[in-house]
>>> print(open('run-v7.cif').read())   # mmCIF, C-alpha atoms
data_input
loop_
_atom_site.label_atom_id
_atom_site.label_comp_id
_atom_site.auth_asym_id
_atom_site.auth_seq_id
_atom_site.Cartn_x
_atom_site.Cartn_y
_atom_site.Cartn_z
CA MET A 1 -10.00 60.15 20.57
CA GLY A 2 -7.36 57.75 21.88
CA VAL A 3 -6.29 57.19 25.44
CA GLU A 4 -2.70 56.30 26.26
CA ALA A 5 -2.51 53.82 29.12
CA GLY A 6 0.58 53.09 31.22
CA HIS A 7 1.71 49.48 31.59
CA ARG A 8 0.34 49.36 35.13
CA TYR A 9 -2.06 51.42 37.18
CA GLY A 10 -0.55 53.86 39.63
CA HIS A 11 2.73 54.47 37.80
CA PRO A 12 4.07 57.86 38.99
CA GLN A 13 4.03 59.20 35.44
CA ALA A 14 0.93 57.46 34.14
CA GLY A 15 -1.42 60.38 34.66
CA SER A 16 0.84 63.29 33.69
CA GLY A 17 2.12 61.52 30.59
CA LEU A 18 -1.40 60.63 29.60
CA ARG A 19 -2.56 64.22 29.65
CA GLY A 20 0.28 65.54 27.53
CA ALA A 21 0.14 62.69 25.05
CA ALA A 22 -3.63 63.00 24.64
CA ARG A 23 -3.23 66.63 23.67
CA ARG A 24 -0.35 65.92 21.29
CA GLY A 25 -1.94 62.77 19.87
CA ARG A 26 1.06 60.47 20.25
CA PRO A 27 2.10 57.56 22.49
CA VAL A 28 3.82 58.22 25.79
CA GLY A 29 6.22 56.09 27.81
CA CYS A 30 6.48 55.84 31.59
CA ARG A 31 10.20 56.42 32.33
CA GLY A 32 11.01 54.53 29.16
CA CYS A 33 8.69 51.60 29.92
CA PRO A 34 6.47 50.29 27.11
CA VAL A 35 2.85 51.36 26.97
CA LEU A 36 -0.30 49.94 25.47
CA ARG A 37 -2.31 52.26 23.24
CA LEU A 38 -6.11 51.95 23.52
CA THR A 39 -8.04 53.38 20.59
CA SER A 40 -11.64 53.23 19.54
CA ALA A 41 -10.53 52.08 16.11
CA GLY A 42 -8.57 49.18 17.55
CA ARG A 43 -11.45 47.96 19.67
CA ARG A 44 -13.89 48.15 16.79
CA GLY A 45 -11.60 45.99 14.63
CA ARG A 46 -10.42 48.69 12.21
CA PRO A 47 -6.77 48.61 11.09
CA ARG A 48 -4.23 50.24 13.36
CA ALA A 49 -0.63 51.23 12.83
CA ALA A 50 2.06 48.57 13.18
CA PRO A 51 3.31 48.42 16.77
CA SER A 52 6.80 49.55 17.63
CA PRO A 53 9.24 47.15 19.33
CA SER A 54 8.72 48.97 22.65
CA ALA A 55 4.95 48.55 22.36
CA ILE A 56 5.35 44.84 21.63
CA GLY A 57 7.33 44.49 24.85
CA VAL A 58 4.22 45.01 26.94
CA HIS A 59 2.88 41.68 25.66
CA ILE A 60 6.11 39.61 25.65
CA LEU A 61 7.34 39.10 29.21
CA THR A 62 9.17 36.36 31.06
CA PRO A 63 7.15 34.76 33.88
CA GLY A 64 9.31 36.44 36.52
CA ARG A 65 9.05 39.86 34.88
CA SER A 66 5.29 39.46 34.48
CA LEU A 67 4.89 38.54 38.15
CA ALA A 68 7.01 41.49 39.26
CA LEU A 69 5.07 43.99 37.12
CA HIS A 70 1.57 42.74 37.88
CA SER A 71 1.70 41.45 41.44
CA GLU A 72 -0.11 44.53 42.73
CA SER A 73 -2.89 44.33 40.15
CA GLY A 74 -3.85 40.81 41.22
CA ARG A 75 -4.51 41.51 44.89
CA GLU A 76 -7.97 40.94 46.31
CA LEU A 77 -10.49 43.78 46.33
CA PRO A 78 -11.45 45.30 49.71
CA ARG A 79 -13.95 43.05 51.44
CA VAL A 80 -17.50 44.16 52.14
CA GLU A 81 -18.90 42.97 55.47
CA ALA A 82 -22.33 42.21 54.03
CA PHE A 83 -20.77 39.80 51.51
CA SER A 84 -19.22 37.47 54.12
CA ASP A 85 -21.45 34.59 52.99
CA LEU A 86 -20.30 35.12 49.41
CA TYR A 87 -16.62 35.04 50.42
CA SER A 88 -17.25 31.88 52.42
CA ILE A 89 -18.16 29.92 49.25
CA GLY A 90 -14.82 30.81 47.69
CA CYS A 91 -15.54 34.05 45.81
CA HIS A 92 -12.44 36.29 45.67
CA PRO A 93 -12.81 39.32 43.35
CA ARG A 94 -9.44 40.83 42.47
CA HIS A 95 -7.97 44.04 41.11
CA GLY A 96 -7.52 44.04 37.36
CA GLU A 97 -10.20 41.44 36.65
CA VAL A 98 -13.26 41.64 34.43
CA VAL A 99 -16.30 40.78 36.57
CA MET A 100 -19.76 40.06 35.17
CA ILE A 101 -22.95 40.34 37.23
CA ALA A 102 -25.70 38.48 35.37
CA GLY A 103 -29.35 38.11 36.31
CA ARG A 104 -32.88 38.28 35.04
CA SER A 105 -34.82 41.51 34.81
CA GLY A 106 -35.77 43.18 38.09
CA THR A 107 -33.24 41.34 40.28
CA GLN A 108 -31.47 44.42 41.71
CA LYS A 109 -28.32 43.97 39.58
CA SER A 110 -27.74 47.73 39.42
CA GLY A 111 -28.43 48.15 43.14
CA PHE A 112 -25.98 45.34 43.95
CA ALA A 113 -23.22 46.84 41.79
CA LEU A 114 -23.81 50.34 43.19
CA PHE A 115 -23.77 49.08 46.78
CA TRP A 116 -20.60 47.07 46.13
CA VAL A 117 -18.54 49.94 44.73
CA ALA A 118 -19.92 52.38 47.32
CA GLN A 119 -18.88 50.08 50.16
CA MET A 120 -15.40 49.49 48.72
CA ASN A 121 -15.08 53.28 48.25
CA LEU A 122 -12.39 52.95 45.59
CA PRO A 123 -12.03 55.59 42.83
CA THR A 124 -14.74 54.46 40.41
CA LEU A 125 -15.90 55.52 36.94
CA TYR A 126 -19.51 54.36 36.59
CA PHE A 127 -21.14 54.28 33.13
CA SER A 128 -24.87 54.19 33.84
CA ALA A 129 -26.97 53.83 30.71
CA ASP A 130 -29.60 51.79 32.55
CA MET A 131 -30.23 54.15 35.50
CA SER A 132 -31.07 57.84 35.17
CA ALA A 133 -28.91 60.44 36.88
CA PHE A 134 -31.47 61.10 39.61
CA THR A 135 -32.12 57.41 40.26
CA ALA A 136 -28.41 56.65 40.68
CA SER A 137 -27.66 59.67 42.89
CA SER A 138 -30.79 59.26 45.03
CA ARG A 139 -29.90 55.59 45.57
CA LEU A 140 -26.46 56.64 46.80
CA ALA A 141 -27.95 59.26 49.12
CA SER A 142 -30.44 56.71 50.43
CA MET A 143 -27.63 54.24 51.02
CA ALA A 144 -25.55 56.82 52.89
CA THR A 145 -28.33 58.16 55.14
CA GLY A 146 -30.66 55.18 55.60
CA ASP A 147 -33.61 57.20 54.33
CA THR A 148 -35.76 55.68 51.61
CA THR A 149 -35.46 56.93 48.05
CA GLU A 150 -38.93 58.47 48.40
CA MET A 151 -37.70 60.46 51.41
CA VAL A 152 -34.65 61.60 49.46
CA GLU A 153 -36.86 62.75 46.58
CA ALA A 154 -39.17 64.63 48.94
CA GLY A 155 -36.23 66.18 50.79
CA MET A 156 -34.57 67.39 47.60
CA ALA A 157 -37.88 68.92 46.48
CA ALA A 158 -38.34 70.64 49.87
CA GLY A 159 -34.89 72.22 49.68
CA ASP A 160 -33.17 74.11 52.53
CA ARG A 161 -31.61 71.90 55.21
CA TYR A 162 -33.10 68.70 53.82
CA ARG A 163 -31.44 69.21 50.48
CA GLU A 164 -28.17 70.16 52.15
CA THR A 165 -28.25 67.01 54.30
CA TYR A 166 -28.45 64.70 51.30
CA VAL A 167 -25.87 66.61 49.28
CA ASN A 168 -23.43 66.54 52.21
CA ALA A 169 -23.99 62.81 52.64
CA LEU A 170 -22.47 62.25 49.19
CA ARG A 171 -19.36 64.36 49.68
CA GLY A 172 -17.25 61.36 50.67
CA SER A 173 -18.27 59.30 47.64
CA ARG A 174 -15.48 58.47 45.18
CA ILE A 175 -17.83 57.47 42.35
CA THR A 176 -17.88 59.49 39.14
CA PHE A 177 -20.89 58.92 36.88
CA SER A 178 -21.37 59.05 33.14
CA PHE A 179 -25.02 58.83 32.02
CA GLY A 180 -24.72 58.77 28.23
CA SER A 181 -26.86 56.23 26.39
CA PRO A 182 -25.94 54.24 24.42
CA ILE A 183 -22.42 53.72 25.75
CA THR A 184 -19.89 54.32 22.97
CA TRP A 185 -16.16 53.66 22.93
CA ARG A 186 -15.60 57.28 22.00
CA ALA A 187 -17.46 58.32 25.16
CA VAL A 188 -15.42 55.86 27.24
CA ASP A 189 -12.20 57.34 25.84
CA GLU A 190 -13.31 60.90 26.48
CA GLU A 191 -14.59 60.21 30.00
CA LEU A 192 -11.38 58.38 30.90
CA GLU A 193 -9.28 61.22 29.52
CA ALA A 194 -11.33 63.74 31.53
CA TYR A 195 -11.00 61.58 34.66
CA VAL A 196 -7.21 61.44 34.33
CA GLU A 197 -7.10 65.19 33.66
CA LEU A 198 -9.02 65.77 36.90
CA TRP A 199 -7.39 63.19 39.21
CA ASP A 200 -4.03 62.51 37.51
CA ALA A 201 -4.64 58.77 37.92
CA TYR A 202 -6.76 55.99 36.50
CA PRO A 203 -9.92 54.87 38.31
CA GLU A 204 -9.47 51.61 40.20
CA VAL A 205 -12.92 50.36 39.19
CA PHE A 206 -15.02 50.72 36.04
CA VAL A 207 -18.71 49.80 36.05
CA PHE A 208 -20.70 49.38 32.83
CA ASP A 209 -24.47 49.16 33.30
CA ASN A 210 -25.09 47.28 31.13
CA LEU A 211 -23.57 45.27 28.28
CA MET A 212 -26.63 45.56 26.01
CA ASP A 213 -26.54 49.37 26.35
CA PHE A 214 -23.31 49.56 24.37
CA GLU A 215 -23.77 50.97 20.89
CA ASN A 216 -24.94 48.26 18.43
CA ALA A 217 -24.77 45.57 21.16
CA GLU A 218 -28.51 45.30 21.88
CA SER A 219 -28.80 41.88 20.27
CA ASP A 220 -25.75 41.40 18.03
CA TYR A 221 -23.65 38.56 19.47
CA THR A 222 -20.59 39.54 17.45
CA GLU A 223 -20.77 43.11 18.74
CA GLN A 224 -21.25 41.91 22.33
CA MET A 225 -18.15 39.73 22.03
CA ALA A 226 -16.23 42.71 20.67
CA VAL A 227 -17.38 44.76 23.68
CA MET A 228 -16.16 42.05 26.07
CA SER A 229 -12.80 42.00 24.31
CA GLY A 230 -12.60 45.77 24.62
CA LEU A 231 -13.39 45.61 28.34
CA THR A 232 -10.67 43.01 28.83
CA GLU A 233 -8.22 45.26 26.99
CA LEU A 234 -9.29 48.18 29.20
CA ALA A 235 -8.68 46.15 32.37
CA ARG A 236 -5.26 44.98 31.17
CA ALA A 237 -4.14 48.46 30.17
CA THR A 238 -5.26 50.35 33.28
CA GLY A 239 -4.99 47.64 35.95
CA ALA A 240 -8.54 48.50 37.02
CA THR A 241 -11.34 46.10 37.88
CA VAL A 242 -14.06 46.21 35.23
CA ILE A 243 -17.58 45.27 36.37
CA VAL A 244 -20.13 44.73 33.61
CA LEU A 245 -23.82 43.95 34.12
CA HIS A 246 -25.63 41.60 31.77
CA HIS A 247 -29.01 39.88 31.39
CA ALA A 248 -29.96 36.23 31.74
CA SER A 249 -32.81 34.67 29.83
CA ASP A 250 -36.35 35.23 31.08
CA LYS A 251 -37.76 32.64 28.66
CA SER A 252 -35.98 29.45 29.69
CA TRP A 253 -37.77 26.64 31.48
CA GLU A 254 -35.80 27.35 34.66
CA ALA A 255 -36.85 31.01 34.57
CA LYS A 256 -40.50 29.96 34.58
CA SER A 257 -40.32 27.03 36.99
CA ASP A 258 -37.89 28.53 39.53
CA PRO A 259 -37.67 32.29 38.83
CA TRP A 260 -36.11 33.17 42.20
CA ALA A 261 -33.06 30.93 41.81
CA PRO A 262 -29.82 32.29 40.29
CA PRO A 263 -29.59 31.45 36.57
CA SER A 264 -27.03 28.85 35.57
CA ARG A 265 -24.15 29.70 33.25
CA ASP A 266 -25.98 28.45 30.15
CA GLN A 267 -28.88 30.85 30.82
CA VAL A 268 -26.72 33.98 30.52
CA LYS A 269 -27.56 35.59 27.20
CA GLY A 270 -25.04 34.93 24.46
CA GLY A 271 -22.96 32.63 26.65
CA LEU A 272 -20.88 35.68 27.54
CA SER A 273 -20.32 34.68 31.17
CA GLU A 274 -17.42 32.50 30.00
CA LYS A 275 -15.35 35.50 28.95
CA PRO A 276 -14.68 37.32 32.29
CA GLU A 277 -12.36 36.08 35.04
CA LEU A 278 -15.30 36.13 37.47
CA SER A 279 -19.02 35.77 36.68
CA LEU A 280 -21.69 36.13 39.35
CA SER A 281 -25.29 35.01 38.86
CA VAL A 282 -27.89 36.81 40.99
CA ALA A 283 -31.59 36.43 41.79
CA LEU A 284 -34.03 38.12 44.16
CA ASP A 285 -36.89 36.45 46.01
CA PRO A 286 -39.47 39.27 46.32
CA THR A 287 -41.35 37.50 49.13
CA SER A 288 -38.45 37.11 51.56
CA MET A 289 -36.10 39.69 50.00
CA GLU A 290 -33.36 37.08 49.95
CA PHE A 291 -30.71 37.97 47.37
CA LYS A 292 -28.99 34.84 46.08
CA THR A 293 -25.56 35.07 44.47
CA ALA A 294 -23.80 32.17 42.75
CA VAL A 295 -20.27 32.01 41.36
CA ILE A 296 -20.80 30.46 37.93
CA LYS A 297 -17.28 31.14 36.63
CA GLN A 298 -14.07 31.97 38.49
CA ARG A 299 -10.67 31.60 36.93
CA MET A 300 -8.78 31.55 40.23
CA GLY A 301 -11.16 29.75 42.54
CA ALA A 302 -14.17 27.51 43.02
CA CYS A 303 -17.29 27.91 40.91
CA ASP A 304 -20.55 26.12 40.14
CA PRO A 305 -21.83 26.51 36.56
CA THR A 306 -25.24 25.15 37.61
CA ALA A 307 -25.67 27.95 40.23
CA LYS A 308 -27.07 25.42 42.71
CA ARG A 309 -24.52 26.51 45.32
CA TYR A 310 -25.06 30.14 46.22
CA ALA A 311 -24.64 32.70 48.98
CA THR A 312 -27.68 34.40 50.47
CA LEU A 313 -27.85 38.09 51.40
CA ARG A 314 -30.74 40.21 52.62
CA CYS A 315 -31.80 42.91 50.14
CA HIS A 316 -33.24 46.25 51.30
CA PRO A 317 -34.25 47.87 47.99
CA GLU A 318 -35.95 50.85 49.64
CA VAL A 319 -32.54 52.05 50.89
CA THR A 320 -30.34 50.23 48.32
CA ARG A 321 -28.55 48.21 50.95
CA PHE A 322 -27.60 44.59 51.41
CA SER A 323 -26.88 42.80 54.68
CA LYS A 324 -26.03 39.40 56.04
CA VAL A 325 -28.96 37.05 56.61
CA GLU A 326 -29.70 36.70 60.29
CA ARG A 327 -29.43 33.05 61.18
CA LEU A 328 -31.54 32.29 64.26
CA THR A 329 -30.13 29.82 66.78
CA PRO A 330 -32.80 27.76 68.57
CA LEU A 331 -32.83 28.20 72.34
CA ALA A 332 -31.76 25.26 74.48
CA ARG A 333 -34.87 23.61 75.91
CA THR A 334 -34.94 22.13 79.39
CA PRO A 335 -36.29 18.58 79.17
CA VAL A 336 -39.70 18.22 80.85
CA PRO A 337 -40.33 14.87 82.58
CA GLN A 338 -43.28 12.93 81.23
CA TRP A 339 -46.38 12.60 83.47
CA SER A 340 -47.41 9.18 84.70
CA PRO A 341 -50.40 8.00 86.84
CA LEU A 342 -47.85 6.50 89.24
CA ASP A 343 -46.74 10.04 90.13
CA ALA A 344 -50.07 10.68 91.98
CA MET A 345 -49.80 7.37 93.86
CA LYS A 346 -46.27 8.23 94.96
CA LYS A 347 -47.40 11.61 96.26
CA ALA A 348 -50.32 10.02 98.22
CA ALA A 349 -47.95 7.54 99.83
#
>>> encode(input="run-v7.cif", output="structure tokens")
Amino acid sequence: MGVEAGHRYGHPQAGSGLRGAARRGRPVGCRGCPVLRLTSAGRRGRPRAAPSPSAIGVHILTPGRSLALHSESGRELPRVEAFSDLYSIGCHPRHGEVVMIAGRSGTQKSGFALFWVAQMNLPTLYFSADMSAFTASSRLASMATGDTTEMVEAGMAAGDRYRETYVNALRGSRITFSFGSPITWRAVDEELEAYVELWDAYPEVFVFDNLMDFENAESDYTEQMAVMSGLTELARATGATVIVLHHASDKSWEAKSDPWAPPSRDQVKGGLSEKPELSLSVALDPTSMEFKTAVIKQRMGACDPTAKRYATLRCHPEVTRFSKVERLTPLARTPVPQWSPLDAMKKAA
């Protein structure tokens, strides 16, 4: 099932045209503007029909025309207060980018992504093949109320006012979940079509948790590269930010000698961190709960492929929250004069 995508997110006719075209099975234009057709067949490399001249126009643009059409899509994402240390090292996530969050197993990658999109509170379509439906929703409720996930589970089981409290806490959330596993392009098309049918607009953020949960992408490098190309195409067509989670190696020497440091770019499995516009490397120190985030690739800003320069956050996994690290300032000490035997003689005199 194909999805027709307008040339930029938020076009007044993007949603309404999408719905009608999806039912009729043909391309749709936005007030005569060219559109880009996303199809499962195209992303999987199967032949597609020859493009029309109007469709080609979406790729061939003068620099001025390109800037005018896409200036909105390149603006910076809403800032999250807890990430101030990350912004201070030059990290600037933007609308319309593909963002990768890479880390070793058990480093709170899913919690970090969920907290990020919840704090931005942008319309989000979240494909969660790694977390179950209850885990994801209880994490959100825990984040919103400050209660631990165990308290949320107990409250939902108790029912009555406890259950109502947690359900009401999620009413303001703008996240829509899809829990199918594995993630297939057909499912992505259908979920996006249903989202547009419901909201008459594209989501501003997609989250895919995670890359290896895509169909046939468990270990096949070629398939993983095809998935990354498809995600880039999705971001270009909808103007949305696409966040994809991925694993770093647990078997490298660095993983064994310094497991609580963010993995460098060459430790990301398949070398796929080079594909997105922004790649973040994360690690969690379970003793101090310090969450370290390094920018190992950034197309429009500073980065450190070795991940030696990183920002530090405080992780609170029991409530799926992150906060700034409290930096203690030493108190000013009043100098104390040194004692001398002459002091007693002076007093006697």
>>> axis_aligned_box(input="run-v7.cif", around="range 157-176 of chain A", padding_each_side="3 Å", output="AutoDock Vina command-line options")
--center_x -26.9 --center_y 65.8 --center_z 47.2 --size_x 28.9 --size_y 22.6 --size_z 22.1
>>> closest_residue(input="run-v7.cif", among="A:Trp116, A:Arg139, A:Phe179, A:Phe214", to="Tyr166 in chain A", atoms="only C-alpha atoms")
A:Arg139
>>> atom_distance(input="run-v7.cif", atom1="CA of Asp266 in chain A", atom2="CA of Arg75 in chain A")
29.1 Å
>>> closest_residue(input="run-v7.cif", among="A:Val80, A:Ala154, A:Leu86, A:Leu234", to="Ser281 in chain A", atoms="all atoms listed in the file")
A:Leu86
>>> resolve_selection(input="run-v7.cif", expression="the PyMOL selection byres ((chain A and resi 97-101) around 6)", output="number ranges by chain")
A: 94-96, 102, 241-245, 276-280
>>> closest_residue(input="run-v7.cif", among="A:Asp200, A:Glu164, A:Asp304, A:Asp209", to="His247 in chain A", atoms="only C-alpha atoms")
A:Asp209
>>> atom_distance(input="run-v7.cif", atom1="CA of Tyr126 in chain A", atom2="CA of Asn210 in chain A")
10.5 Å
>>> atom_distance(input="run-v7.cif", atom1="CA of Met151 in chain A", atom2="CA of Thr165 in chain A")
11.9 Å
>>> resolve_selection(input="run-v7.cif", expression="the PyMOL selection byres ((chain A and resi 302) around 6)", output="list in words")
Gly90, Gly301 and Cys303 of chain A
>>> residues_near_point(input="run-v7.cif", point="(-34.7, 46.1, 50.6)", cutoff="12 Å", atoms="all atoms listed in the file", output="number ranges by chain")
A: 107-108, 111-112, 115, 139, 142-143, 146-149, 284-291, 313-323
>>> closest_residue(input="run-v7.cif", among="A:Thr306, A:Ser181, A:Gln338, A:Gln224", to="His246 in chain A", atoms="all atoms listed in the file")
A:Gln224
>>> resolve_selection(input="run-v7.cif", expression="the PyMOL selection byres ((chain A and resi 240) around 6)", output="ChimeraX atom specification")
/A:96,204-205,235,238-239,241
>>> write_last_selection(input="run-v7.cif", atoms="C-alpha atoms", output="PDB file, in the coordinates of the input")
ATOM      1  CA  GLY A  96      -7.520  44.040  37.360  1.00  0.00           C
ATOM      2  CA  GLU A 204      -9.470  51.610  40.200  1.00  0.00           C
ATOM      3  CA  VAL A 205     -12.920  50.360  39.190  1.00  0.00           C
ATOM      4  CA  ALA A 235      -8.680  46.150  32.370  1.00  0.00           C
ATOM      5  CA  THR A 238      -5.260  50.350  33.280  1.00  0.00           C
ATOM      6  CA  GLY A 239      -4.990  47.640  35.950  1.00  0.00           C
ATOM      7  CA  THR A 241     -11.340  46.100  37.880  1.00  0.00           C
TER       8      THR A 241
END
>>> closest_residue(input="run-v7.cif", among="A:Lys251, A:Ala237, A:Ser110, A:Arg265", to="Tyr202 in chain A", atoms="all atoms listed in the file")
A:Ala237
>>> decode(input="run-v7.cif", residues="range 105-114 of chain A", atoms="all heavy atoms", output="JSON list (two decimals), in the first residue's frame")
[["chain", "number", "residue", "atom", "x", "y", "z"],
["A", 105, "SER", "N", 24.00, -2.76, 24.60],
["A", 105, "SER", "CA", 22.79, -3.30, 25.22],
["A", 105, "SER", "C", 22.65, -2.78, 26.65],
["A", 105, "SER", "O", 23.65, -2.66, 27.38],
["A", 105, "SER", "CB", 22.83, -4.83, 25.23],
["A", 105, "SER", "OG", 22.95, -5.33, 23.91],
["A", 106, "GLY", "N", 21.41, -2.48, 27.04],
["A", 106, "GLY", "CA", 21.15, -2.08, 28.42],
["A", 106, "GLY", "C", 21.60, -0.68, 28.79],
["A", 106, "GLY", "O", 21.87, -0.40, 29.96],
["A", 107, "THR", "N", 21.68, 0.23, 27.81],
["A", 107, "THR", "CA", 22.16, 1.59, 28.09],
["A", 107, "THR", "C", 21.04, 2.62, 28.04],
["A", 107, "THR", "O", 21.31, 3.81, 27.87],
["A", 107, "THR", "CB", 23.27, 1.98, 27.09],
["A", 107, "THR", "OG1", 22.80, 1.76, 25.75],
["A", 107, "THR", "CG2", 24.52, 1.16, 27.32],
["A", 108, "GLN", "N", 19.80, 2.20, 28.18],
["A", 108, "GLN", "CA", 18.66, 3.11, 28.24],
["A", 108, "GLN", "C", 18.46, 3.90, 26.94],
["A", 108, "GLN", "O", 18.02, 5.04, 26.96],
["A", 108, "GLN", "CB", 18.80, 4.08, 29.41],
["A", 108, "GLN", "CG", 18.60, 3.46, 30.78],
["A", 108, "GLN", "CD", 17.13, 3.06, 31.01],
["A", 108, "GLN", "OE1", 16.21, 3.79, 30.67],
["A", 108, "GLN", "NE2", 16.93, 1.90, 31.61],
["A", 109, "LYS", "N", 18.75, 3.27, 25.79],
["A", 109, "LYS", "CA", 18.51, 3.93, 24.50],
["A", 109, "LYS", "C", 17.03, 4.22, 24.32],
["A", 109, "LYS", "O", 16.64, 5.33, 23.94],
["A", 109, "LYS", "CB", 19.01, 3.05, 23.34],
["A", 109, "LYS", "CG", 20.51, 2.82, 23.32],
["A", 109, "LYS", "CD", 20.93, 2.10, 22.06],
["A", 109, "LYS", "CE", 20.35, 0.70, 21.96],
["A", 109, "LYS", "NZ", 20.88, -0.22, 22.98],
["A", 110, "SER", "N", 16.19, 3.22, 24.59],
["A", 110, "SER", "CA", 14.74, 3.39, 24.41],
["A", 110, "SER", "C", 14.19, 4.43, 25.37],
["A", 110, "SER", "O", 13.35, 5.26, 25.00],
["A", 110, "SER", "CB", 14.02, 2.04, 24.60],
["A", 110, "SER", "OG", 14.45, 1.09, 23.66],
["A", 111, "GLY", "N", 14.66, 4.39, 26.62],
["A", 111, "GLY", "CA", 14.22, 5.37, 27.60],
["A", 111, "GLY", "C", 14.61, 6.78, 27.21],
["A", 111, "GLY", "O", 13.83, 7.73, 27.38],
["A", 112, "PHE", "N", 15.81, 6.94, 26.66],
["A", 112, "PHE", "CA", 16.29, 8.24, 26.22],
["A", 112, "PHE", "C", 15.44, 8.77, 25.07],
["A", 112, "PHE", "O", 15.03, 9.94, 25.08],
["A", 112, "PHE", "CB", 17.76, 8.12, 25.81],
["A", 112, "PHE", "CG", 18.38, 9.39, 25.31],
["A", 112, "PHE", "CD1", 18.65, 10.43, 26.19],
["A", 112, "PHE", "CD2", 18.72, 9.54, 23.97],
["A", 112, "PHE", "CE1", 19.25, 11.62, 25.74],
["A", 112, "PHE", "CE2", 19.30, 10.71, 23.52],
["A", 112, "PHE", "CZ", 19.57, 11.75, 24.40],
["A", 113, "ALA", "N", 15.17, 7.92, 24.08],
["A", 113, "ALA", "CA", 14.36, 8.35, 22.93],
["A", 113, "ALA", "C", 12.94, 8.70, 23.37],
["A", 113, "ALA", "O", 12.36, 9.70, 22.92],
["A", 113, "ALA", "CB", 14.34, 7.25, 21.87],
["A", 114, "LEU", "N", 12.37, 7.88, 24.26],
["A", 114, "LEU", "CA", 11.00, 8.12, 24.73],
["A", 114, "LEU", "C", 10.93, 9.42, 25.53],
["A", 114, "LEU", "O", 9.99, 10.22, 25.35],
["A", 114, "LEU", "CB", 10.54, 6.94, 25.58],
["A", 114, "LEU", "CG", 9.05, 6.89, 25.95],
["A", 114, "LEU", "CD1", 8.19, 6.79, 24.70],
["A", 114, "LEU", "CD2", 8.78, 5.69, 26.86]]
